Every structure is written in C-alpha cells, then in structure tokens.
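Only one structure is covered here, and it is reproduced in the block below.
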Amino acid sequence: MVLTKAEKAKNDEQIINTAITWEILEYDMQKAFGSLAKIGEKRSAQLMADGNGYLSYIALVVFDWTTDRDLLPEKAVLKITSCDKMEILIKEVPGFEMDNVREKCAAASDNELKFYENAFKTLKFSNELRVPQFFCGRDFGIDGVEAGYFAIEHFDNVENRHFYNNIQESAVLEIIRQLVIIHTHSYNHPEIMGKMDGNVYEQLYGDFADIKKIEKGIHEAGITYPELKEKLERLKSQLKHFTNWETYQKKLHESCKTRMFCHGDLWTGNMLWRKDEAGDYRMLVMIDWQLCHLGNPLDDLTRLLTSAISKESYLERRDFYLETYYKWFKENTSGHPMPWESFDEFLKQYEQVFILTTVIFGPVLANFTKMLFEKCREEEKEAGFKCYWGKLENMLDESIKYIEKWNW
C-alpha cells in the first residue's frame, strides 16, 4: 500500500502508531522542564521487549534534544493507554468481561498519572518510596486525543519477574519495607490521603468483584482445568460477599477499619528488577499504579505473598513475613495505636482477606494462563508452569483451609 504524503506525515508524528504524537510530547516536556528545546531528527520510539502491557503500550523514547541536553533527559519510558489493548484482553481471556471500556481505560490512565504527579507533592511520600522519576503526562481525552500517557525515567539492565518466577527472601523483605512505608504514611497522615478521589477504584475494580462474573470465571476455569474444578467450586460459598460492591467493601474492611493508601495491583510483575553480582534480584522501583486507592492494606500483602514465592516457601515462611510486616508497621506508626489489637487479630484478618482476594483472582489467574505464558521464554516454560501451578494451587488450598478455620 502506497501512503499519501499526508498519511506518511501523520504516521511520522505518531508515537508507535498511537494517538500520542511527538508534538504533544515535545510541548509537555518543554512545559515540565521550562525549556524551549526541540526534539531532534534522530528521535526514536520503540516498544519495549517485555513491556508491552496488558492495558497499555510501553515505549522507550530517545529524544535527541537540539538544546538544553544537560537539563533534559536523554531517554524516557512512555506508558500510553488506549482502548484497543483492553479490547484484545477481553477477547483473549475466558470469562473476562468489562463494561464501559473507554471510561475505564481513561480512569486507569488518569489515576496512575495523578499518582505520579502528586506522590511527592500533595501526598508527600518520603524519598524512600521507590518509584520512577516523573517527567510529564496528559489525561485521557484531552484535546480530543483518545489516549492518555505519561513519561517517566528509564532504567538500564532491568528484568521482569512474573507470576511464574520466584524471588529470594531478601527481595520479599525489600517489598514489605516499601509496603510499610506506603501504608503507614497514609495511616499517620489521613488528612493528606483525604485528597484522593475515592470513586476511581470502584469504577476500575467493580468488574472483578461482580458476583456473576466471578461465577462465570469459576465455571470457565473449571472447564479449562478439570483437576481444579472441585477446589474452585468450594469458593462459591463465598459469593455471598459479592452480591454488590457495597457488600464486598463492607466485608473487606471488617478486617481493617482504617483505610490506607494501597498499590492495588501488587505483584512482582509490577516492579522493575536488576540482578546483582550474587545472582539475586533487587527491586528497583514499583510501577503500574492504575489501581492505587484508599483501601485495605492486607489486600496488598496477600497479593505480594501469593505472587512472589513458591508454594513451599509460602507454607514455611508465611508467618515470618507477616510478623515482619506487623513489627515494622508498629515501628512506623508514630505513636498511633495499631489498627489491629494484637498479632493474632492481624493474622486472623489476613486470612480472611486472603479468602476474598482468592475468590476474585483464583479464577482470573487460571483463565489468564495462556496469555501470561506468551511472555515466558521458551526455555523457562516448563519450570515456569510448575511454579505458576504451585502458586495457584496454594491460593485455593489456603483459602479452603481458612474458610473452614473461620467457618465462613
């Protein structure tokens, strides 16, 4: 197909064939850095090898600034959210449905942009919080552009750790430390967190916590993996907590009456990693803040421990990790009373939140297997699937155990 001059010019201006153009990026970077520098002819943008996200396009941009090279970053990572990625996800994952796709894509993009813009300003997190440096961005739909984006710093030599990978104990503790920073900051400063929009999370997460969609997900997962069907069916006893959003939220927050700032999608794939000289993985920054909200901190903790370590490690070291979180949380509460009366109460509430989290994400993970392993290197697939399967089984087994223990 031969392109007209107008079509070719439009393609040249678009960044990785999205609605975000070089002109938009140049203007926003100039405004953010107080510069009139232009992006040069040697500019480039390419999809990152393992960063083509499930909801967004992730691109590495090289600017080639004409002036102010000492002031402006040489590179940036762009996260561009548009509706087509969500529509592909809906088609490819059995049992996954979403209404009002455009509104939810916009809400996800805008919520993450708002976090990066305000993390160290309005929300006043300490510099100990490990997030990428934010450069600039735009809300979804501004000036009629059907996409939203933001630009953040680029890190060299990074790796991803997915649900089919494990991380070592020292890395788990690094993340727990970050969770304590996030959760206790909001616990100690509720007046700051009150500035957050409380409706975005419901808009984004309501589809997952819908009783009919959960039931359909359980059914689809049972067909795909008949060996899991009996365990999945046991989760149906908990659907009474998902008759509507209010019922689910009420049950979730019985375990922690103080709402705290939460990441909302905390698993090892939403972090950037670098391998050290000893071969251990070190977490550089936490990313993917689309679902950040005021909620139950135990939900973050549950997601971490079910995604980061093997089934065997979970069963052996669960209490150690929970005791560490509880101890560090207490040390960082600035004299405020703990939200749980004792560690035993904390443990009970963790186990009950674990049930709620598994009811939603157990079926999703089972149905998500095919798409997840598209990102797995061929030489890792056999060991990766064994690791993944163990984590999925552990989620179901532990939930059934907790349901019986607490007579839910």
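Following the order of the structure tokens, first chain is A, next is B, and so on, with residues numbered from 1 inside each chain and ligands from 1 in the order they appear.
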Spatial neighbours of Pro132 in chain A, max dist 8 Å, only C-alpha atoms, sep filter under 5 positions, as JSON, numbers by chain:
{"A": [152, 153, 154, 285, 286, 287]}
With only C-alpha atoms as the counted atoms, please give the residues lying no more than 10 Å from range 116-124 of chain A, apart from itself and same-chain residues fewer than 6 positions off, as a list of chain:residue names.
A:Val131, A:Pro132, A:Gln133, A:Phe134, A:Phe135, A:Cys136, A:Gly137, A:Phe150, A:Ala151, A:Ile152, A:His185, A:Ser186, A:His189, A:Glu191, A:Ile192, A:Met193, A:Gly194, A:Lys195, A:Met196, A:Phe261, A:Ile287, A:Trp289
Using only C-alpha atoms, pick whichever of A:His162, A:Thr258, A:Arg303, A:Phe346 has the shortest atom-to-atom distance to Glu374 in chain A.
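Ranked by minimum distance to Glu374 in chain A, first place goes to A:His162.
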Return as a list in words the full set of residues in range 182-311 of chain A whose backbone-based DSSP assignment is strand (DSSP E).
Met260, Phe261, Cys262, Met271, Leu272, Trp273, Arg274, Lys275, Tyr281, Arg282, Met283, Leu284, Val285, Met286, His293, Leu294 and Gly295 of chain A
Selection to disk with all heavy atoms, as a compact mmCIF listing (two decimals), in the first residue's frame:
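The resulting selection-v9.txt:
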```
# COMPACT_ATOMS: atom_id res chain seq x y z
N MET A 260 -6.24 2.75 54.16
CA MET A 260 -4.88 3.23 53.95
C MET A 260 -4.58 3.25 52.46
O MET A 260 -5.24 2.59 51.66
CB MET A 260 -3.88 2.34 54.68
CG MET A 260 -4.12 2.25 56.16
SD MET A 260 -2.93 1.14 56.95
CE MET A 260 -3.90 0.61 58.37
N PHE A 261 -3.54 4.00 52.10
CA PHE A 261 -3.14 4.05 50.70
C PHE A 261 -2.60 2.68 50.29
O PHE A 261 -1.73 2.12 50.95
CB PHE A 261 -2.07 5.11 50.49
CG PHE A 261 -1.75 5.35 49.05
CD1 PHE A 261 -2.51 6.24 48.30
CD2 PHE A 261 -0.72 4.68 48.43
CE1 PHE A 261 -2.23 6.46 46.96
CE2 PHE A 261 -0.43 4.89 47.09
CZ PHE A 261 -1.19 5.78 46.35
N CYS A 262 -3.13 2.14 49.20
CA CYS A 262 -2.74 0.82 48.71
C CYS A 262 -2.32 0.90 47.24
O CYS A 262 -2.86 1.72 46.49
CB CYS A 262 -3.90 -0.16 48.84
SG CYS A 262 -4.50 -0.43 50.51
N MET A 271 6.89 -4.51 39.18
CA MET A 271 8.11 -3.94 39.73
C MET A 271 9.22 -4.14 38.71
O MET A 271 9.17 -5.05 37.90
CB MET A 271 8.49 -4.63 41.04
CG MET A 271 7.39 -4.57 42.09
SD MET A 271 7.69 -5.72 43.44
CE MET A 271 6.03 -5.80 44.13
N LEU A 272 10.22 -3.28 38.73
CA LEU A 272 11.39 -3.45 37.88
C LEU A 272 12.51 -4.02 38.73
O LEU A 272 12.75 -3.58 39.86
CB LEU A 272 11.82 -2.11 37.27
CG LEU A 272 10.80 -1.45 36.34
CD1 LEU A 272 11.39 -0.17 35.76
CD2 LEU A 272 10.35 -2.39 35.22
N TRP A 273 13.24 -4.99 38.16
CA TRP A 273 14.25 -5.74 38.89
C TRP A 273 15.59 -5.66 38.19
O TRP A 273 15.67 -5.52 36.98
CB TRP A 273 13.83 -7.21 38.99
CG TRP A 273 12.53 -7.42 39.69
CD1 TRP A 273 11.27 -7.38 39.13
CD2 TRP A 273 12.34 -7.67 41.07
NE1 TRP A 273 10.32 -7.59 40.09
CE2 TRP A 273 10.95 -7.78 41.29
CE3 TRP A 273 13.20 -7.82 42.16
CZ2 TRP A 273 10.40 -8.03 42.54
CZ3 TRP A 273 12.67 -8.07 43.40
CH2 TRP A 273 11.29 -8.18 43.59
N ARG A 274 16.65 -5.78 38.99
CA ARG A 274 18.01 -5.87 38.46
C ARG A 274 18.75 -6.95 39.23
O ARG A 274 18.68 -7.01 40.46
CB ARG A 274 18.72 -4.53 38.57
CG ARG A 274 20.11 -4.52 37.93
CD ARG A 274 20.71 -3.12 37.98
NE ARG A 274 20.02 -2.21 37.07
CZ ARG A 274 20.01 -0.89 37.22
NH1 ARG A 274 20.62 -0.34 38.25
NH2 ARG A 274 19.40 -0.13 36.35
N LYS A 275 19.45 -7.78 38.50
CA LYS A 275 20.19 -8.88 39.14
C LYS A 275 21.54 -8.38 39.63
O LYS A 275 22.26 -7.69 38.89
CB LYS A 275 20.38 -10.02 38.15
CG LYS A 275 20.90 -11.31 38.78
CD LYS A 275 21.09 -12.41 37.74
CE LYS A 275 19.78 -12.95 37.25
NZ LYS A 275 19.97 -14.14 36.38
N TYR A 281 17.92 -11.03 42.80
CA TYR A 281 17.15 -9.94 42.19
C TYR A 281 16.88 -8.85 43.22
O TYR A 281 16.48 -9.12 44.35
CB TYR A 281 15.83 -10.48 41.63
CG TYR A 281 16.02 -11.27 40.37
CD1 TYR A 281 16.21 -12.64 40.41
CD2 TYR A 281 16.05 -10.63 39.13
CE1 TYR A 281 16.40 -13.37 39.25
CE2 TYR A 281 16.25 -11.35 37.97
CZ TYR A 281 16.42 -12.72 38.03
OH TYR A 281 16.63 -13.43 36.88
N ARG A 282 17.12 -7.61 42.80
CA ARG A 282 16.88 -6.45 43.64
C ARG A 282 15.79 -5.59 43.01
O ARG A 282 15.86 -5.27 41.83
CB ARG A 282 18.16 -5.62 43.81
CG ARG A 282 19.31 -6.38 44.46
CD ARG A 282 18.96 -6.79 45.88
NE ARG A 282 20.01 -7.58 46.50
CZ ARG A 282 19.86 -8.23 47.64
NH1 ARG A 282 18.69 -8.19 48.27
NH2 ARG A 282 20.84 -8.94 48.15
N MET A 283 14.82 -5.23 43.80
CA MET A 283 13.72 -4.40 43.30
C MET A 283 14.18 -2.95 43.20
O MET A 283 14.62 -2.37 44.18
CB MET A 283 12.52 -4.53 44.23
CG MET A 283 11.23 -3.95 43.64
SD MET A 283 10.96 -2.23 44.08
CE MET A 283 10.48 -2.41 45.79
N LEU A 284 14.07 -2.39 41.99
CA LEU A 284 14.47 -1.00 41.78
C LEU A 284 13.33 -0.05 42.11
O LEU A 284 13.49 0.87 42.91
CB LEU A 284 14.91 -0.80 40.33
CG LEU A 284 16.15 -1.55 39.86
CD1 LEU A 284 16.38 -1.30 38.38
CD2 LEU A 284 17.37 -1.10 40.65
N VAL A 285 12.19 -0.25 41.45
CA VAL A 285 11.04 0.64 41.64
C VAL A 285 9.75 -0.17 41.49
O VAL A 285 9.72 -1.23 40.87
CB VAL A 285 11.02 1.79 40.61
CG1 VAL A 285 12.13 2.79 40.89
CG2 VAL A 285 11.10 1.26 39.18
N MET A 286 8.69 0.39 42.07
CA MET A 286 7.35 -0.16 41.89
C MET A 286 6.65 0.66 40.81
O MET A 286 6.73 1.90 40.81
CB MET A 286 6.57 -0.10 43.20
CG MET A 286 7.22 -0.89 44.32
SD MET A 286 6.51 -0.55 45.97
CE MET A 286 4.92 -1.34 45.78
N HIS A 293 -5.36 3.30 45.59
CA HIS A 293 -6.61 3.74 46.21
C HIS A 293 -6.48 3.71 47.73
O HIS A 293 -5.49 3.19 48.27
CB HIS A 293 -7.76 2.82 45.79
CG HIS A 293 -7.62 1.42 46.32
ND1 HIS A 293 -6.69 0.52 45.82
CD2 HIS A 293 -8.27 0.76 47.33
CE1 HIS A 293 -6.79 -0.62 46.49
NE2 HIS A 293 -7.72 -0.49 47.41
N LEU A 294 -7.47 4.23 48.41
CA LEU A 294 -7.57 4.07 49.85
C LEU A 294 -8.35 2.80 50.12
O LEU A 294 -9.52 2.70 49.72
CB LEU A 294 -8.25 5.28 50.48
CG LEU A 294 -7.49 6.59 50.41
CD1 LEU A 294 -8.32 7.72 51.01
CD2 LEU A 294 -6.15 6.49 51.11
N GLY A 295 -7.72 1.83 50.76
CA GLY A 295 -8.37 0.55 50.94
C GLY A 295 -7.75 -0.25 52.08
O GLY A 295 -7.23 0.31 53.04
```
Give me the residues within 9 Å of range 68-85 of chain A as an mmCIF file with N, CA, C and O atoms, in the first residue's frame, counting only C-alpha atoms and dropping any in the same chain fewer than 4 places off.
```cif
data_model
loop_
_atom_site.group_PDB
_atom_site.id
_atom_site.type_symbol
_atom_site.label_atom_id
_atom_site.label_comp_id
_atom_site.auth_asym_id
_atom_site.auth_seq_id
_atom_site.Cartn_x
_atom_site.Cartn_y
_atom_site.Cartn_z
ATOM 1 N N THR A 18 0.186 5.309 17.961
ATOM 2 C CA THR A 18 -0.872 5.654 18.913
ATOM 3 C C THR A 18 -1.332 7.079 18.650
ATOM 4 O O THR A 18 -0.788 7.778 17.795
ATOM 5 N N ALA A 19 -2.319 7.507 19.411
ATOM 6 C CA ALA A 19 -2.836 8.869 19.241
ATOM 7 C C ALA A 19 -1.917 9.924 19.853
ATOM 8 O O ALA A 19 -2.129 11.125 19.656
ATOM 9 N N ILE A 20 -0.902 9.504 20.599
ATOM 10 C CA ILE A 20 0.070 10.441 21.180
ATOM 11 C C ILE A 20 1.135 10.761 20.136
ATOM 12 O O ILE A 20 1.747 9.858 19.573
ATOM 13 N N MET A 29 7.029 18.164 27.571
ATOM 14 C CA MET A 29 8.364 18.137 28.166
ATOM 15 C C MET A 29 8.910 19.554 28.303
ATOM 16 O O MET A 29 9.550 19.894 29.313
ATOM 17 N N GLN A 30 8.692 20.400 27.309
ATOM 18 C CA GLN A 30 9.137 21.795 27.399
ATOM 19 C C GLN A 30 8.498 22.482 28.605
ATOM 20 O O GLN A 30 9.168 23.194 29.365
ATOM 21 N N PHE A 33 9.943 21.129 32.015
ATOM 22 C CA PHE A 33 11.333 21.441 32.337
ATOM 23 C C PHE A 33 11.675 22.919 32.100
ATOM 24 O O PHE A 33 12.830 23.314 32.273
ATOM 25 N N SER A 35 11.824 24.657 29.261
ATOM 26 C CA SER A 35 12.787 24.727 28.162
ATOM 27 C C SER A 35 12.059 24.948 26.842
ATOM 28 O O SER A 35 10.885 24.597 26.691
ATOM 29 N N LEU A 36 12.761 25.510 25.876
ATOM 30 C CA LEU A 36 12.232 25.657 24.517
ATOM 31 C C LEU A 36 12.903 24.685 23.556
ATOM 32 O O LEU A 36 12.757 24.804 22.331
ATOM 33 N N ALA A 37 13.636 23.712 24.087
ATOM 34 C CA ALA A 37 14.362 22.758 23.249
ATOM 35 C C ALA A 37 13.407 21.952 22.381
ATOM 36 O O ALA A 37 12.304 21.603 22.794
ATOM 37 N N MET A 48 9.019 -1.684 24.077
ATOM 38 C CA MET A 48 10.000 -2.384 24.895
ATOM 39 C C MET A 48 9.695 -3.877 24.858
ATOM 40 O O MET A 48 8.533 -4.300 24.861
ATOM 41 N N GLY A 53 2.378 -3.844 27.751
ATOM 42 C CA GLY A 53 1.492 -4.211 28.853
ATOM 43 C C GLY A 53 0.141 -4.706 28.402
ATOM 44 O O GLY A 53 -0.230 -4.645 27.224
ATOM 45 N N TYR A 54 -0.634 -5.203 29.358
ATOM 46 C CA TYR A 54 -1.953 -5.751 29.072
ATOM 47 C C TYR A 54 -2.979 -4.651 28.788
ATOM 48 O O TYR A 54 -3.980 -4.897 28.133
ATOM 49 N N LEU A 55 -2.748 -3.460 29.294
ATOM 50 C CA LEU A 55 -3.687 -2.354 29.084
ATOM 51 C C LEU A 55 -3.063 -1.198 28.320
ATOM 52 O O LEU A 55 -3.779 -0.315 27.875
ATOM 53 N N SER A 56 -1.746 -1.190 28.204
ATOM 54 C CA SER A 56 -1.065 -0.018 27.643
ATOM 55 C C SER A 56 0.088 -0.440 26.740
ATOM 56 O O SER A 56 0.562 -1.581 26.778
ATOM 57 N N TYR A 57 0.540 0.512 25.929
ATOM 58 C CA TYR A 57 1.761 0.354 25.152
ATOM 59 C C TYR A 57 2.901 1.001 25.928
ATOM 60 O O TYR A 57 2.781 2.144 26.384
ATOM 61 N N ILE A 58 4.000 0.273 26.074
ATOM 62 C CA ILE A 58 5.165 0.791 26.785
ATOM 63 C C ILE A 58 6.283 0.994 25.774
ATOM 64 O O ILE A 58 6.686 0.046 25.087
ATOM 65 N N ALA A 59 6.765 2.210 25.663
ATOM 66 C CA ALA A 59 7.776 2.520 24.651
ATOM 67 C C ALA A 59 8.985 3.195 25.269
ATOM 68 O O ALA A 59 8.866 3.999 26.200
ATOM 69 N N LEU A 60 10.149 2.874 24.734
ATOM 70 C CA LEU A 60 11.391 3.572 25.080
ATOM 71 C C LEU A 60 11.602 4.681 24.051
ATOM 72 O O LEU A 60 11.655 4.421 22.847
ATOM 73 N N VAL A 61 11.693 5.914 24.538
ATOM 74 C CA VAL A 61 11.861 7.081 23.671
ATOM 75 C C VAL A 61 13.260 7.658 23.851
ATOM 76 O O VAL A 61 13.722 7.842 24.977
ATOM 77 N N VAL A 62 13.922 7.909 22.755
ATOM 78 C CA VAL A 62 15.188 8.659 22.741
ATOM 79 C C VAL A 62 14.883 10.006 22.103
ATOM 80 O O VAL A 62 14.396 10.073 20.966
ATOM 81 N N PHE A 63 15.183 11.114 22.802
ATOM 82 C CA PHE A 63 14.695 12.428 22.388
ATOM 83 C C PHE A 63 15.554 13.120 21.321
ATOM 84 O O PHE A 63 15.027 13.762 20.433
ATOM 85 N N ASP A 64 16.875 13.067 21.441
ATOM 86 C CA ASP A 64 17.767 13.836 20.560
ATOM 87 C C ASP A 64 17.471 15.330 20.664
ATOM 88 O O ASP A 64 17.170 16.006 19.668
ATOM 89 N N LEU A 89 -7.607 -7.845 25.396
ATOM 90 C CA LEU A 89 -7.603 -8.611 26.632
ATOM 91 C C LEU A 89 -8.952 -9.282 26.870
ATOM 92 O O LEU A 89 -9.033 -10.453 27.230
ATOM 93 N N ILE A 90 -10.020 -8.540 26.649
ATOM 94 C CA ILE A 90 -11.365 -9.065 26.860
ATOM 95 C C ILE A 90 -11.634 -10.255 25.934
ATOM 96 O O ILE A 90 -12.231 -11.254 26.327
ATOM 97 N N VAL A 101 -15.741 0.247 28.400
ATOM 98 C CA VAL A 101 -14.291 0.102 28.241
ATOM 99 C C VAL A 101 -13.596 1.459 28.157
ATOM 100 O O VAL A 101 -12.567 1.691 28.801
ATOM 101 N N ARG A 102 -14.132 2.377 27.374
ATOM 102 C CA ARG A 102 -13.481 3.668 27.181
ATOM 103 C C ARG A 102 -13.345 4.418 28.500
ATOM 104 O O ARG A 102 -12.281 4.947 28.817
ATOM 105 N N LYS A 104 -13.295 3.219 31.512
ATOM 106 C CA LYS A 104 -12.399 2.561 32.454
ATOM 107 C C LYS A 104 -10.936 2.671 32.040
ATOM 108 O O LYS A 104 -10.050 2.777 32.888
ATOM 109 N N CYS A 105 -10.679 2.634 30.740
ATOM 110 C CA CYS A 105 -9.312 2.884 30.278
ATOM 111 C C CYS A 105 -8.871 4.294 30.663
ATOM 112 O O CYS A 105 -7.745 4.507 31.112
ATOM 113 N N ALA A 106 -9.775 5.256 30.476
ATOM 114 C CA ALA A 106 -9.467 6.638 30.840
ATOM 115 C C ALA A 106 -9.227 6.768 32.331
ATOM 116 O O ALA A 106 -8.273 7.430 32.764
ATOM 117 N N ALA A 108 -8.238 4.435 34.464
ATOM 118 C CA ALA A 108 -6.976 3.779 34.837
ATOM 119 C C ALA A 108 -5.786 4.665 34.516
ATOM 120 O O ALA A 108 -4.872 4.840 35.334
ATOM 121 N N SER A 109 -5.781 5.220 33.303
ATOM 122 C CA SER A 109 -4.675 6.078 32.880
ATOM 123 C C SER A 109 -4.572 7.325 33.752
ATOM 124 O O SER A 109 -3.488 7.692 34.235
ATOM 125 N N PHE A 135 8.225 12.697 34.565
ATOM 126 C CA PHE A 135 8.568 13.831 33.719
ATOM 127 C C PHE A 135 7.342 14.656 33.318
ATOM 128 O O PHE A 135 7.280 15.850 33.587
ATOM 129 N N GLY A 137 2.924 14.241 31.478
ATOM 130 C CA GLY A 137 1.859 13.354 31.037
ATOM 131 C C GLY A 137 0.585 14.125 30.765
ATOM 132 O O GLY A 137 0.506 15.333 30.998
ATOM 133 N N PHE A 140 -6.407 11.199 29.777
ATOM 134 C CA PHE A 140 -7.053 10.578 28.627
ATOM 135 C C PHE A 140 -8.118 11.535 28.061
ATOM 136 O O PHE A 140 -8.926 12.090 28.803
ATOM 137 N N GLU A 146 -7.714 10.330 21.898
ATOM 138 C CA GLU A 146 -8.251 9.127 22.530
ATOM 139 C C GLU A 146 -7.131 8.236 23.078
ATOM 140 O O GLU A 146 -6.962 7.081 22.690
ATOM 141 N N ALA A 147 -6.396 8.803 23.990
ATOM 142 C CA ALA A 147 -5.329 8.092 24.697
ATOM 143 C C ALA A 147 -4.882 8.974 25.843
ATOM 144 O O ALA A 147 -5.095 10.195 25.833
ATOM 145 N N GLY A 148 -4.277 8.357 26.833
ATOM 146 C CA GLY A 148 -3.614 9.084 27.894
ATOM 147 C C GLY A 148 -2.199 8.569 27.998
ATOM 148 O O GLY A 148 -1.902 7.458 27.557
ATOM 149 N N TYR A 149 -1.304 9.368 28.557
ATOM 150 C CA TYR A 149 0.083 8.901 28.645
ATOM 151 C C TYR A 149 0.805 9.605 29.785
ATOM 152 O O TYR A 149 0.354 10.625 30.316
ATOM 153 N N PHE A 150 1.948 9.043 30.148
ATOM 154 C CA PHE A 150 2.916 9.770 30.969
ATOM 155 C C PHE A 150 4.311 9.278 30.618
ATOM 156 O O PHE A 150 4.484 8.188 30.054
ATOM 157 N N ALA A 151 5.303 10.121 30.912
ATOM 158 C CA ALA A 151 6.708 9.809 30.656
ATOM 159 C C ALA A 151 7.451 9.770 31.982
ATOM 160 O O ALA A 151 7.326 10.676 32.806
ATOM 161 N N ILE A 152 8.211 8.696 32.200
ATOM 162 C CA ILE A 152 8.986 8.508 33.427
ATOM 163 C C ILE A 152 10.415 8.103 33.059
ATOM 164 O O ILE A 152 10.705 7.794 31.904
ATOM 165 N N GLU A 153 11.267 8.090 34.063
ATOM 166 C CA GLU A 153 12.671 7.782 33.810
ATOM 167 C C GLU A 153 12.858 6.347 33.331
ATOM 168 O O GLU A 153 12.091 5.437 33.654
ATOM 169 N N HIS A 154 13.925 6.152 32.561
ATOM 170 C CA HIS A 154 14.281 4.840 32.028
ATOM 171 C C HIS A 154 15.417 4.246 32.852
ATOM 172 O O HIS A 154 16.332 4.949 33.263
ATOM 173 N N PHE A 155 15.346 2.942 33.101
ATOM 174 C CA PHE A 155 16.402 2.219 33.809
ATOM 175 C C PHE A 155 17.032 1.204 32.854
ATOM 176 O O PHE A 155 16.320 0.450 32.179
#
```
Could you pull out the residues in range 179-334 of chain A that DSSP calls helix (DSSP H, G or I) from the backbone, as a PyMOL selection string?
chain A and resi 179-188+190-193+200-205+211-224+226-242+245-255+268-270+297-308+311-331
